[in-house]
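So this block is query28.txt, compact mmCIF, C-alpha atoms:
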# COMPACT_ATOMS: atom_id res chain seq x y z
CA MET A 1276 2.38 54.53 -2.12
CA LYS A 1277 1.42 55.37 1.45
CA PHE A 1278 1.26 52.62 4.02
CA LYS A 1279 -2.46 53.23 4.61
CA THR A 1280 -3.24 52.92 0.89
CA LEU A 1281 -1.12 49.79 0.67
CA LEU A 1282 -2.95 48.28 3.63
CA ARG A 1283 -6.34 49.05 2.10
CA LYS A 1284 -5.26 47.52 -1.23
CA TRP A 1285 -3.95 44.43 0.53
CA HIS A 1286 -7.15 44.19 2.52
CA THR A 1287 -9.30 44.34 -0.64
CA PHE A 1288 -7.07 41.94 -2.56
CA ILE A 1289 -7.00 39.26 0.13
CA GLY A 1290 -10.71 39.79 0.78
CA CYS A 1291 -11.51 39.05 -2.87
CA LEU A 1292 -9.11 36.09 -2.93
CA ILE A 1293 -10.72 34.31 0.00
CA LEU A 1294 -14.29 35.29 -0.79
CA VAL A 1295 -15.21 32.20 -2.82
CA PRO A 1296 -13.64 29.55 -0.52
CA THR A 1297 -15.10 31.28 2.54
CA ILE A 1298 -18.60 31.34 1.10
CA LEU A 1299 -18.34 27.69 0.03
CA LEU A 1300 -17.06 26.65 3.43
CA SER A 1301 -19.78 28.59 5.23
CA LEU A 1302 -22.57 27.16 3.08
CA THR A 1303 -21.38 23.57 3.41
CA GLY A 1304 -20.89 24.12 7.16
CA ILE A 1305 -24.46 25.36 7.57
CA TYR A 1306 -25.67 22.35 5.61
CA LEU A 1307 -23.73 19.98 7.85
CA ILE A 1308 -24.94 21.59 11.07
CA GLN A 1309 -28.52 21.04 9.95
CA ASN A 1310 -27.83 17.41 9.01
CA ASN A 1311 -25.51 16.49 11.85
CA GLN A 1312 -25.93 13.08 13.47
CA PRO A 1313 -24.81 12.46 17.05
CA LYS A 1314 -22.07 9.85 17.63
CA GLU A 1315 -23.58 6.89 19.42
CA ALA A 1316 -22.18 5.46 22.68
CA LEU A 1317 -22.08 1.92 21.28
CA ILE A 1318 -19.85 2.21 18.23
CA ALA A 1319 -20.14 -1.37 16.99
CA ALA A 1320 -21.15 -4.80 18.30
CA ALA A 1321 -21.47 -8.36 17.03
CA PHE A 1322 -22.61 -11.74 18.27
CA CYS A 1323 -20.14 -14.55 17.75
CA GLY A 1324 -22.62 -17.39 17.41
CA ASP A 1325 -21.53 -19.25 20.54
CA ASP A 1326 -23.31 -17.26 23.26
CA GLN A 1327 -20.51 -14.74 23.21
CA TRP A 1328 -20.58 -11.20 21.94
CA ILE A 1329 -18.17 -8.38 21.55
CA GLY A 1330 -18.73 -4.67 21.29
CA VAL A 1331 -16.87 -1.42 21.22
CA SER A 1332 -18.20 1.55 23.09
CA SER A 1333 -16.72 4.99 23.47
CA VAL A 1334 -14.88 3.66 26.55
CA GLY A 1335 -13.41 0.45 25.04
CA PHE A 1336 -14.25 -3.20 24.40
CA ILE A 1337 -17.37 -4.55 26.04
CA GLY A 1338 -19.22 -7.89 26.01
CA ASN A 1339 -18.37 -11.31 27.42
CA LEU A 1340 -15.49 -11.90 25.00
CA ILE A 1341 -12.91 -9.42 26.15
CA ASN A 1342 -9.54 -11.12 25.90
CA ILE A 1343 -8.16 -8.30 23.77
CA LYS A 1344 -5.48 -6.26 25.49
CA ASN A 1345 -3.88 -3.20 23.98
CA PRO A 1346 -5.07 -3.66 20.40
CA PRO A 1347 -2.68 -2.16 17.83
CA PHE A 1348 -5.33 0.23 16.54
CA SER A 1349 -7.47 3.08 17.81
CA LEU A 1350 -10.71 1.99 19.47
CA THR A 1351 -12.33 5.30 18.63
CA ASN A 1352 -11.57 4.67 14.96
CA ILE A 1353 -13.66 1.52 14.72
CA ALA A 1354 -16.42 1.62 12.13
CA ALA A 1355 -17.81 -1.92 12.26
CA LEU A 1356 -16.91 -5.35 13.57
CA SER A 1357 -17.66 -8.98 12.93
CA CYS A 1358 -17.29 -11.97 15.20
CA THR A 1359 -17.57 -15.65 14.35
CA LYS A 1360 -16.58 -18.78 16.27
CA ASP A 1361 -13.08 -18.51 14.81
CA PHE A 1362 -12.39 -14.90 13.80
CA ILE A 1363 -12.78 -11.31 14.88
CA ASP A 1364 -12.64 -8.71 12.09
CA ILE A 1365 -12.61 -5.02 12.83
CA ALA A 1366 -13.04 -2.35 10.19
CA LEU A 1367 -11.31 0.90 10.97
CA ASP A 1368 -12.65 4.27 9.87
CA TYR A 1369 -11.21 4.93 6.42
CA GLY A 1370 -8.36 2.50 7.16
CA ALA A 1371 -7.41 -1.16 6.94
CA ILE A 1372 -9.33 -4.10 8.39
CA ALA A 1373 -7.80 -5.65 11.49
CA SER A 1374 -8.31 -9.38 11.61
CA THR A 1375 -7.41 -12.09 14.10
CA ARG A 1376 -8.25 -15.64 15.06
CA ARG A 1377 -10.16 -15.82 18.33
CA ASP A 1378 -8.09 -18.60 19.91
CA LYS A 1379 -4.80 -16.76 19.29
CA ILE A 1380 -4.95 -12.99 19.17
CA ARG A 1381 -2.56 -12.07 16.32
CA TRP A 1382 -3.78 -8.99 14.52
CA THR A 1383 -3.09 -8.67 10.83
CA PHE A 1384 -4.11 -5.66 8.77
CA ILE A 1385 -5.89 -6.12 5.45
CA PRO A 1386 -5.53 -3.02 3.24
CA ARG A 1387 -8.56 -2.14 1.18
CA PRO A 1388 -8.76 -0.53 -2.26
CA PHE A 1389 -11.59 1.86 -1.42
CA ASP A 1390 -11.84 4.87 0.77
CA ASN A 1391 -15.42 5.01 1.98
CA LYS A 1392 -16.33 4.44 5.59
CA ILE A 1393 -17.33 0.82 6.23
CA LYS A 1394 -20.86 0.29 7.55
CA THR A 1395 -20.98 -3.47 8.02
CA ILE A 1396 -18.47 -6.31 7.92
CA GLN A 1397 -19.38 -9.99 7.89
CA ARG A 1398 -17.26 -13.12 7.65
CA ASP A 1399 -18.35 -16.29 5.90
CA GLY A 1400 -15.55 -18.83 6.22
CA MET A 1401 -12.53 -17.23 4.59
CA THR A 1402 -14.59 -14.59 2.79
CA LEU A 1403 -15.23 -11.10 4.13
CA HIS A 1404 -18.33 -9.21 3.02
CA VAL A 1405 -18.10 -5.47 3.46
CA SER A 1406 -20.64 -2.75 2.86
CA THR A 1407 -19.94 0.96 2.69
CA GLN A 1408 -22.28 3.85 1.99
CA ASN A 1409 -21.86 3.28 -1.73
CA ASP A 1410 -20.48 -0.19 -2.36
CA LEU A 1411 -20.64 -3.85 -1.52
CA TRP A 1412 -17.29 -5.64 -1.52
CA THR A 1413 -16.01 -9.15 -0.93
CA PHE A 1414 -12.50 -10.14 0.10
CA LYS A 1415 -11.31 -13.66 -0.62
CA PHE A 1416 -7.86 -15.16 -1.25
CA ASP A 1417 -6.22 -11.72 -0.86
CA GLN A 1418 -8.42 -10.24 -3.59
CA TRP A 1419 -11.04 -7.52 -3.26
CA LYS A 1420 -14.02 -7.60 -5.60
CA ARG A 1421 -16.69 -4.92 -5.88
CA VAL A 1422 -20.07 -6.60 -6.06
CA GLN A 1423 -22.30 -3.54 -6.33
CA HIS A 1424 -21.91 0.23 -6.56
CA TYR A 1425 -24.34 3.03 -5.74
CA PRO A 1426 -23.38 6.61 -6.67
CA PRO A 1427 -22.83 9.04 -3.78
CA THR A 1428 -25.68 11.31 -2.74
CA LEU A 1429 -25.54 15.10 -2.83
CA ALA A 1430 -25.19 15.18 0.97
CA GLN A 1431 -22.16 12.86 0.78
CA ARG A 1432 -20.53 15.02 -1.87
CA ILE A 1433 -21.14 18.19 0.14
CA TYR A 1434 -19.80 16.57 3.31
CA GLU A 1435 -16.61 15.50 1.51
CA PHE A 1436 -16.18 18.88 -0.06
CA HIS A 1437 -16.65 20.65 3.25
CA ALA A 1438 -14.07 18.39 4.85
CA GLY A 1439 -11.61 19.30 2.08
CA TRP A 1440 -11.74 16.19 -0.07
CA HIS A 1441 -12.53 15.66 -3.74
CA ASN A 1442 -12.18 12.34 -5.59
CA GLY A 1443 -10.12 10.91 -2.75
CA LYS A 1444 -7.63 13.82 -2.82
CA SER A 1445 -7.29 16.29 0.01
CA PHE A 1446 -7.38 20.03 -0.63
CA GLU A 1447 -7.85 20.84 3.04
CA TYR A 1448 -4.83 23.17 2.89
CA ILE A 1449 -6.91 25.63 0.86
CA TRP A 1450 -9.41 25.82 3.73
CA GLY A 1451 -6.50 26.25 6.16
CA ILE A 1452 -4.89 29.06 4.18
CA SER A 1453 -8.27 30.75 3.66
CA SER A 1454 -9.04 30.58 7.39
CA THR A 1455 -5.67 32.09 8.30
CA LEU A 1456 -6.06 34.87 5.74
CA LEU A 1457 -9.62 35.46 6.91
CA ILE A 1458 -8.36 36.04 10.46
CA ALA A 1459 -5.61 38.35 9.18
CA VAL A 1460 -7.99 40.32 6.98
CA SER A 1461 -10.51 40.59 9.81
CA LEU A 1462 -7.86 41.98 12.16
CA SER A 1463 -6.62 44.48 9.59
CA GLY A 1464 -10.25 45.43 8.90
CA VAL A 1465 -10.82 46.10 12.59
CA TRP A 1466 -7.65 48.21 12.70
CA ILE A 1467 -8.73 50.24 9.66
CA PHE A 1468 -12.18 50.71 11.19
CA ILE A 1469 -10.79 51.91 14.54
CA ARG A 1470 -8.47 54.38 12.78
CA MET A 1471 -11.41 55.61 10.71
CA ILE A 1472 -13.72 56.32 13.68
CA ARG A 1473 -10.92 57.99 15.65
CA ARG A 1474 -10.46 60.53 12.89
CA MET B 1013 -12.63 10.23 3.72
CA GLY B 1014 -15.16 10.15 1.04
CA GLY B 1015 -14.16 9.25 -2.46
CA ALA B 1016 -14.74 5.94 -4.10
CA LEU B 1017 -11.73 3.99 -5.27
CA TYR B 1018 -8.46 5.57 -4.39
CA ALA B 1019 -5.68 6.04 -6.88
CA SER B 1020 -2.21 4.57 -6.77
CA PRO B 1021 -0.10 5.65 -3.80
CA THR B 1022 1.76 8.95 -3.70
CA ILE B 1023 5.21 7.70 -2.78
CA LYS B 1024 7.33 10.18 -0.86
CA GLN B 1025 10.83 9.16 0.09
CA TYR B 1026 11.95 11.24 3.03
CA SER B 1027 15.26 9.50 3.58
CA THR B 1028 17.38 6.78 2.09
CA LEU B 1029 18.46 3.91 4.30
CA GLU B 1030 22.05 5.10 4.16
CA GLY B 1031 20.88 8.61 5.05
CA ALA B 1032 19.03 7.25 8.08
CA PHE B 1033 22.13 5.27 9.15
CA GLN B 1034 24.26 8.38 8.84
CA LYS B 1035 21.77 10.47 10.76
CA VAL B 1036 21.34 8.08 13.68
CA PHE B 1037 24.78 6.49 13.80
CA PRO B 1038 27.19 8.96 12.17
CA ASN B 1039 30.70 7.75 11.40
CA THR B 1040 30.02 4.12 12.17
CA ASP B 1041 30.30 0.89 10.22
CA PHE B 1042 27.36 -1.44 9.94
CA LYS B 1043 26.84 -5.12 9.41
CA LYS B 1044 23.64 -6.64 8.09
CA ILE B 1045 22.50 -9.69 10.02
CA ASP B 1046 19.98 -11.98 8.30
CA ILE B 1047 17.95 -13.90 10.83
CA THR B 1048 15.42 -16.65 10.32
CA LEU B 1049 13.16 -16.91 13.33
CA SER B 1050 12.17 -20.36 14.42
CA LYS B 1051 8.44 -21.04 14.62
CA LYS B 1052 8.71 -20.92 18.40
CA GLU B 1053 10.51 -17.56 18.35
CA LYS B 1054 8.02 -16.13 15.85
CA ASN B 1055 5.17 -17.34 18.02
CA GLN B 1056 6.72 -15.81 21.15
CA ILE B 1057 7.20 -12.46 19.44
CA GLU B 1058 3.69 -12.51 17.99
CA SER B 1059 2.27 -13.41 21.37
CA ALA B 1060 4.06 -10.50 23.00
CA LEU B 1061 2.92 -8.09 20.30
CA GLN B 1062 -0.53 -9.60 19.71
CA MET B 1063 0.29 -8.99 16.06
CA ALA B 1064 1.20 -11.37 13.27
CA LEU B 1065 4.67 -11.04 11.76
CA PRO B 1066 4.57 -11.15 7.95
CA THR B 1067 7.60 -13.44 7.69
CA GLN B 1068 10.07 -15.50 9.69
CA ASN B 1069 12.97 -13.68 8.02
CA VAL B 1070 14.21 -10.44 9.51
CA GLU B 1071 17.15 -8.19 8.65
CA LEU B 1072 18.88 -6.49 11.53
CA TYR B 1073 21.74 -4.02 11.35
CA ARG B 1074 24.55 -3.83 13.87
CA PHE B 1075 26.45 -0.56 14.07
CA GLU B 1076 30.04 -0.48 15.25
CA THR B 1077 32.83 1.94 15.95
CA MET B 1078 36.26 0.28 15.94
CA ASN B 1079 34.64 -3.17 16.19
CA LYS B 1080 32.69 -2.10 19.27
CA PRO B 1081 28.88 -2.23 18.93
CA VAL B 1082 27.11 1.08 19.40
CA GLY B 1083 23.59 0.12 18.43
CA PHE B 1084 21.16 -1.90 16.38
CA GLY B 1085 18.52 -1.12 13.85
CA MET B 1086 15.82 -2.59 11.68
CA VAL B 1087 13.62 -1.43 8.83
CA THR B 1088 9.96 -2.26 9.20
CA ASN B 1089 6.74 -1.68 7.28
CA HIS B 1090 3.36 -1.07 8.89
CA ILE B 1091 0.09 -0.14 7.25
CA GLY B 1092 -0.99 3.40 8.04
CA LYS B 1093 -4.29 4.00 6.33
CA HIS B 1094 -4.09 2.07 3.08
CA TYR B 1095 -0.41 1.62 2.42
CA PRO B 1096 2.63 0.58 4.44
CA ILE B 1097 4.87 3.19 5.99
CA THR B 1098 8.54 2.20 5.73
CA PHE B 1099 10.66 3.33 8.65
CA PHE B 1100 13.96 2.66 10.36
CA VAL B 1101 14.02 2.03 14.09
CA ALA B 1102 17.35 2.25 15.91
CA THR B 1103 18.31 1.26 19.43
CA ASN B 1104 21.44 1.68 21.48
CA THR B 1105 23.24 -1.33 22.96
CA ASN B 1106 20.93 -1.23 26.01
CA ILE B 1107 18.03 -1.81 23.59
CA GLU B 1108 16.56 1.63 24.22
CA ILE B 1109 15.13 3.48 21.24
CA LYS B 1110 17.76 5.85 19.89
CA ASP B 1111 15.75 7.21 16.99
CA VAL B 1112 13.05 6.52 14.42
CA VAL B 1113 13.37 7.74 10.83
CA VAL B 1114 10.52 7.56 8.31
CA LEU B 1115 11.99 6.45 4.99
CA ILE B 1116 8.97 6.16 2.70
CA TYR B 1117 5.44 7.46 3.22
CA ARG B 1118 2.81 6.43 0.70
CA GLU B 1119 -0.43 8.14 1.75
CA ASP B 1120 -1.69 11.54 0.64
CA TYR B 1121 -2.37 12.56 4.19
CA GLY B 1122 -0.84 12.15 7.64
CA SER B 1123 2.85 12.42 6.78
CA ASP B 1124 3.36 14.59 9.87
CA VAL B 1125 4.30 11.38 11.68
CA ARG B 1126 7.72 11.77 10.09
CA LYS B 1127 8.36 14.95 12.05
CA ARG B 1128 10.56 15.28 15.11
CA ARG B 1129 7.78 16.45 17.41
CA PHE B 1130 6.08 13.07 17.01
CA LEU B 1131 9.08 10.77 16.65
CA LYS B 1132 11.02 12.20 19.61
CA GLN B 1133 8.41 10.63 21.91
CA PHE B 1134 9.91 7.21 21.20
CA LYS B 1135 13.44 8.11 22.30
CA GLY B 1136 14.59 6.12 25.32
CA LYS B 1137 11.64 3.70 25.19
CA THR B 1138 12.36 0.10 26.09
CA ILE B 1139 10.48 -3.16 25.82
CA ASP B 1140 9.08 -2.49 29.31
CA ASP B 1141 7.25 0.63 28.14
CA PRO B 1142 3.71 0.32 26.77
CA ILE B 1143 4.53 2.28 23.55
CA GLN B 1144 0.81 2.69 23.00
CA VAL B 1145 -0.94 5.63 21.46
CA ASN B 1146 -3.04 7.40 24.11
CA TYR B 1147 -0.86 5.94 26.91
CA ASP B 1148 2.70 7.08 26.53
CA ILE B 1149 2.51 8.22 22.90
CA THR B 1150 0.42 11.15 21.73
CA SER B 1151 -0.91 10.73 18.23
CA ILE B 1152 -0.74 13.39 15.55
CA SER B 1153 -4.09 15.01 14.89
CA GLY B 1154 -5.33 13.88 11.49
CA ALA B 1155 -2.82 11.02 11.36
CA THR B 1156 -4.14 8.66 14.04
CA LEU B 1157 -3.78 5.50 11.97
CA SER B 1158 -0.23 6.39 10.95
CA SER B 1159 0.64 7.17 14.59
CA TYR B 1160 -0.53 3.69 15.56
CA ALA B 1161 1.46 2.17 12.70
CA ILE B 1162 4.70 3.81 13.89
CA ALA B 1163 4.05 2.78 17.52
CA ASN B 1164 3.31 -0.81 16.42
CA GLY B 1165 6.52 -0.90 14.39
CA VAL B 1166 8.67 0.43 17.21
CA ARG B 1167 7.24 -2.19 19.57
CA GLU B 1168 7.85 -4.90 16.97
CA VAL B 1169 11.49 -3.92 16.42
CA LEU B 1170 12.19 -3.66 20.15
CA THR B 1171 10.69 -7.10 20.71
CA ILE B 1172 12.69 -8.69 17.89
CA ILE B 1173 15.99 -7.06 18.89
CA GLU B 1174 15.41 -7.94 22.55
CA GLN B 1175 14.74 -11.54 21.53
CA LYS B 1176 17.63 -11.96 19.09
CA ILE B 1177 20.50 -9.85 20.43

Since I need it in another form, could you write the structure as structure tokens?
Amino acid sequence: MKFKTLLRKWHTFIGCLILVPTILLSLTGIYLIQNNQPKEALIAAAFCGDDQWIGVSSVGFIGNLINIKNPPFSLTNIAALSCTKDFIDIALDYGAIASTRRDKIRWTFIPRPFDNKIKTIQRDGMTLHVSTQNDLWTFKFDQWKRVQHYPPTLAQRIYEFHAGWHNGKSFEYIWGISSTLLIAVSLSGVWIFIRMIRR
Amino acid sequence: MGGALYASPTIKQYSTLEGAFQKVFPNTDFKKIDITLSKKEKNQIESALQMALPTQNVELYRFETMNKPVGFGMVTNHIGKHYPITFFVATNTNIEIKDVVVLIYREDYGSDVRKRRFLKQFKGKTIDDPIQVNYDITSISGATLSSYAIANGVREVLTIIEQKI
């Protein structure tokens, strides 16, 4: 088989292989662009109930209760926070909850058994109440309990799928491989086209 | 991202403890040192780290060649996203980081923190360095929480070894 024929066959084969993932990715991308929400400057804030408040902006901690130096977590990964007279609780995007007493900053991380992004976090004594896009949870005595569940919307499912996730498992590598092959097939297509018009 | 309840962890063992010892301190003997921190010591370490230690009991390792110490090490666990990452942190006798080896990674995503290009950033760090992501440590894209976990663990081990050795 001639090199040119081989190249054309390869081009067609890879083109067919990546067709479905590319179309899916494009469609979900268009959907997301149309439904995109801007990231706010104030990421999260809470009043502590004693004339003090704490907030996190895109530049760091703000408010009149800023005795937190070098927290052991990413400030840009904060989803929600709660402040009471005794505790500060910070929910990280898709991660654990960082918790500390106010009088002695000693962060501990509370793992959580769910993956959704936390919207609100509230402390009532030793109980944490957490809401996500789809669930309400409570955490007490080292135990998580789901109080209520709402099924994900179509937009949520499409967003997850576009980001390369399904049922909490990542398949992002398929998007990565498809993108790489798409670039390769585009370049070979351009080469074939140039050779064709030169003839 | 996304899904509802996540499944049980995907446990990936990248190195055994003995393998990590051999990699960082080849051809040496080691002694395990069990230490119980006093409440005061625990408080001092926690104050320095601004993090709570899970226990007062720590296990250190002292590495020797012909009865001469060549370094120290400790295994620590820090939560990445949902599950703890288990890793070995080694220092030389000047309490400078000699190496970090990820032993067990339990998340589906972000295991790139085990790679050299991330871990080599810790080499030579001492207790006087910030060892903070976005200061002197660059996080791995897509593994921010795990990057913080490793940095927190390295700082913890340095603080404990500095305090107890």

Report task. List every protein, DNA or RNA residue with an atom no more than 8 Å from (12.3, -16.8, 13.6) in the file's coordinates, counting all atoms listed in the file, and format the result as an NGL selection string. Result -> :B and (1047-1054 or 1068-1070)

Requested in this report: Using all atoms listed in the file, select each residue of chain A with any atom at most 9 Å away from an atom of chain B, and give the selection as a PyMOL selection string.
Outcome: chain A and resi 1343-1349+1352+1367-1371+1375+1379-1392+1409-1410+1427+1431-1432+1434-1436+1438+1440-1445

Report task. Excluding B:Ala1155 and any residue of its chain fewer than 4 positions from it, enumerate the residues within 8 Å of it, using only C-alpha atoms, and give them as a count of residues only. Result -> 7

**Report entry** Distance query stretch 1072-1087 of chain B at most 9 Å, only C-alpha atoms, self and fewer than 6 positions along chain excluded, as a PyMOL selection string
**Finding:** chain B and resi 1029+1033+1037+1039-1047+1098-1107+1110+1115+1169+1173+1177

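The set of protein, DNA and RNA residues with any counted atom at most 12 Å from (-16.6, -16.5, 15.5) (all atoms listed in the file) reads Ala1321, Phe1322, Cys1323, Gly1324, Asp1325, Asp1326, Gln1327, Trp1328, Ile1329, Leu1340, Leu1356, Ser1357, Cys1358, Thr1359, Lys1360, Asp1361, Phe1362, Ile1363, Asp1364, Ser1374, Thr1375, Arg1376, Arg1377, Asp1378, Gln1397, Arg1398, Asp1399, Gly1400 and Met1401 of chain A.
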
Query raised in the report: Pick from A:Ile1365, A:Ser1333, A:Ala1430, A:Gly1439: nearest to A:Leu1403, with all atoms listed in the file counted?
Result: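 Nearest to A:Leu1403: A:Ile1365.
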
Report task. May I ask for the distance between atom CA of B:Val1114 and atom CA of B:Ser1153, given in Å to one decimal place? Result -> 17.7 Å

Query - Separation of atom CA of B:Glu1108 from atom CA of B:Lys1137 in Å - result: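 Pair atom CA of B:Lys1137 / atom CA of B:Glu1108 returns 5.4 Å.
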
Query - Using only C-alpha atoms: which of B:Glu1168, B:Phe1130, B:Tyr1147, B:Ile1162 has the shortest distance to B:Tyr1117 - result: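 Smallest separation from B:Tyr1117 among the options: B:Ile1162.
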
Box for stretch 1291-1307 of chain A - axis-aligned, 6 Å on each of the six sides, all listed atoms - centre and size in Å to one decimal, as AutoDock Vina command-line options.
--center_x -17.4 --center_y 29.5 --center_z 2.5 --size_x 28.6 --size_y 31.1 --size_z 22.8

**Report entry** Contacts of stretch 1281-1297 of chain A within 12 Å, only C-alpha atoms, excl. fewer than 6 positions in-chain, as a list of chain:residue names
**Finding:**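 My list of contacting residues is A:Thr1303, A:Gly1304, A:Phe1436, A:His1437, A:Gly1439, A:Phe1446, A:Glu1447, A:Tyr1448, A:Ile1449, A:Trp1450, A:Gly1451, A:Ile1452, A:Ser1453, A:Ser1454, A:Thr1455, A:Leu1456, A:Leu1457, A:Ile1458, A:Ala1459, A:Val1460, A:Ser1461, A:Leu1462, A:Ser1463, A:Gly1464, A:Val1465, A:Trp1466, A:Ile1467, A:Phe1468, A:Met1471.
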
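Our summary of the geometry notes that atom CA of B:Ile1139 is positioned 27.0 Å from atom CA of B:Tyr1026.
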
Requested in this report: Just the residues within 7 Å of B:Thr1171, please, counting all atoms listed in the file, with nothing from its chain fewer than 4 positions along; format it as a PyMOL selection string.
Outcome: chain B and resi 1057+1139+1167+1175

Residues from last step as file, C-alpha atoms, as a short mmCIF file (atom, residue, chain, number, x, y, z; two decimals), in the coordinates of the input:
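Final output, saved to selection.cif:
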data_model
loop_
_atom_site.label_atom_id
_atom_site.label_comp_id
_atom_site.auth_asym_id
_atom_site.auth_seq_id
_atom_site.Cartn_x
_atom_site.Cartn_y
_atom_site.Cartn_z
CA ILE B 1057 7.20 -12.46 19.44
CA ILE B 1139 10.48 -3.16 25.82
CA ARG B 1167 7.24 -2.19 19.57
CA GLN B 1175 14.74 -11.54 21.53
#
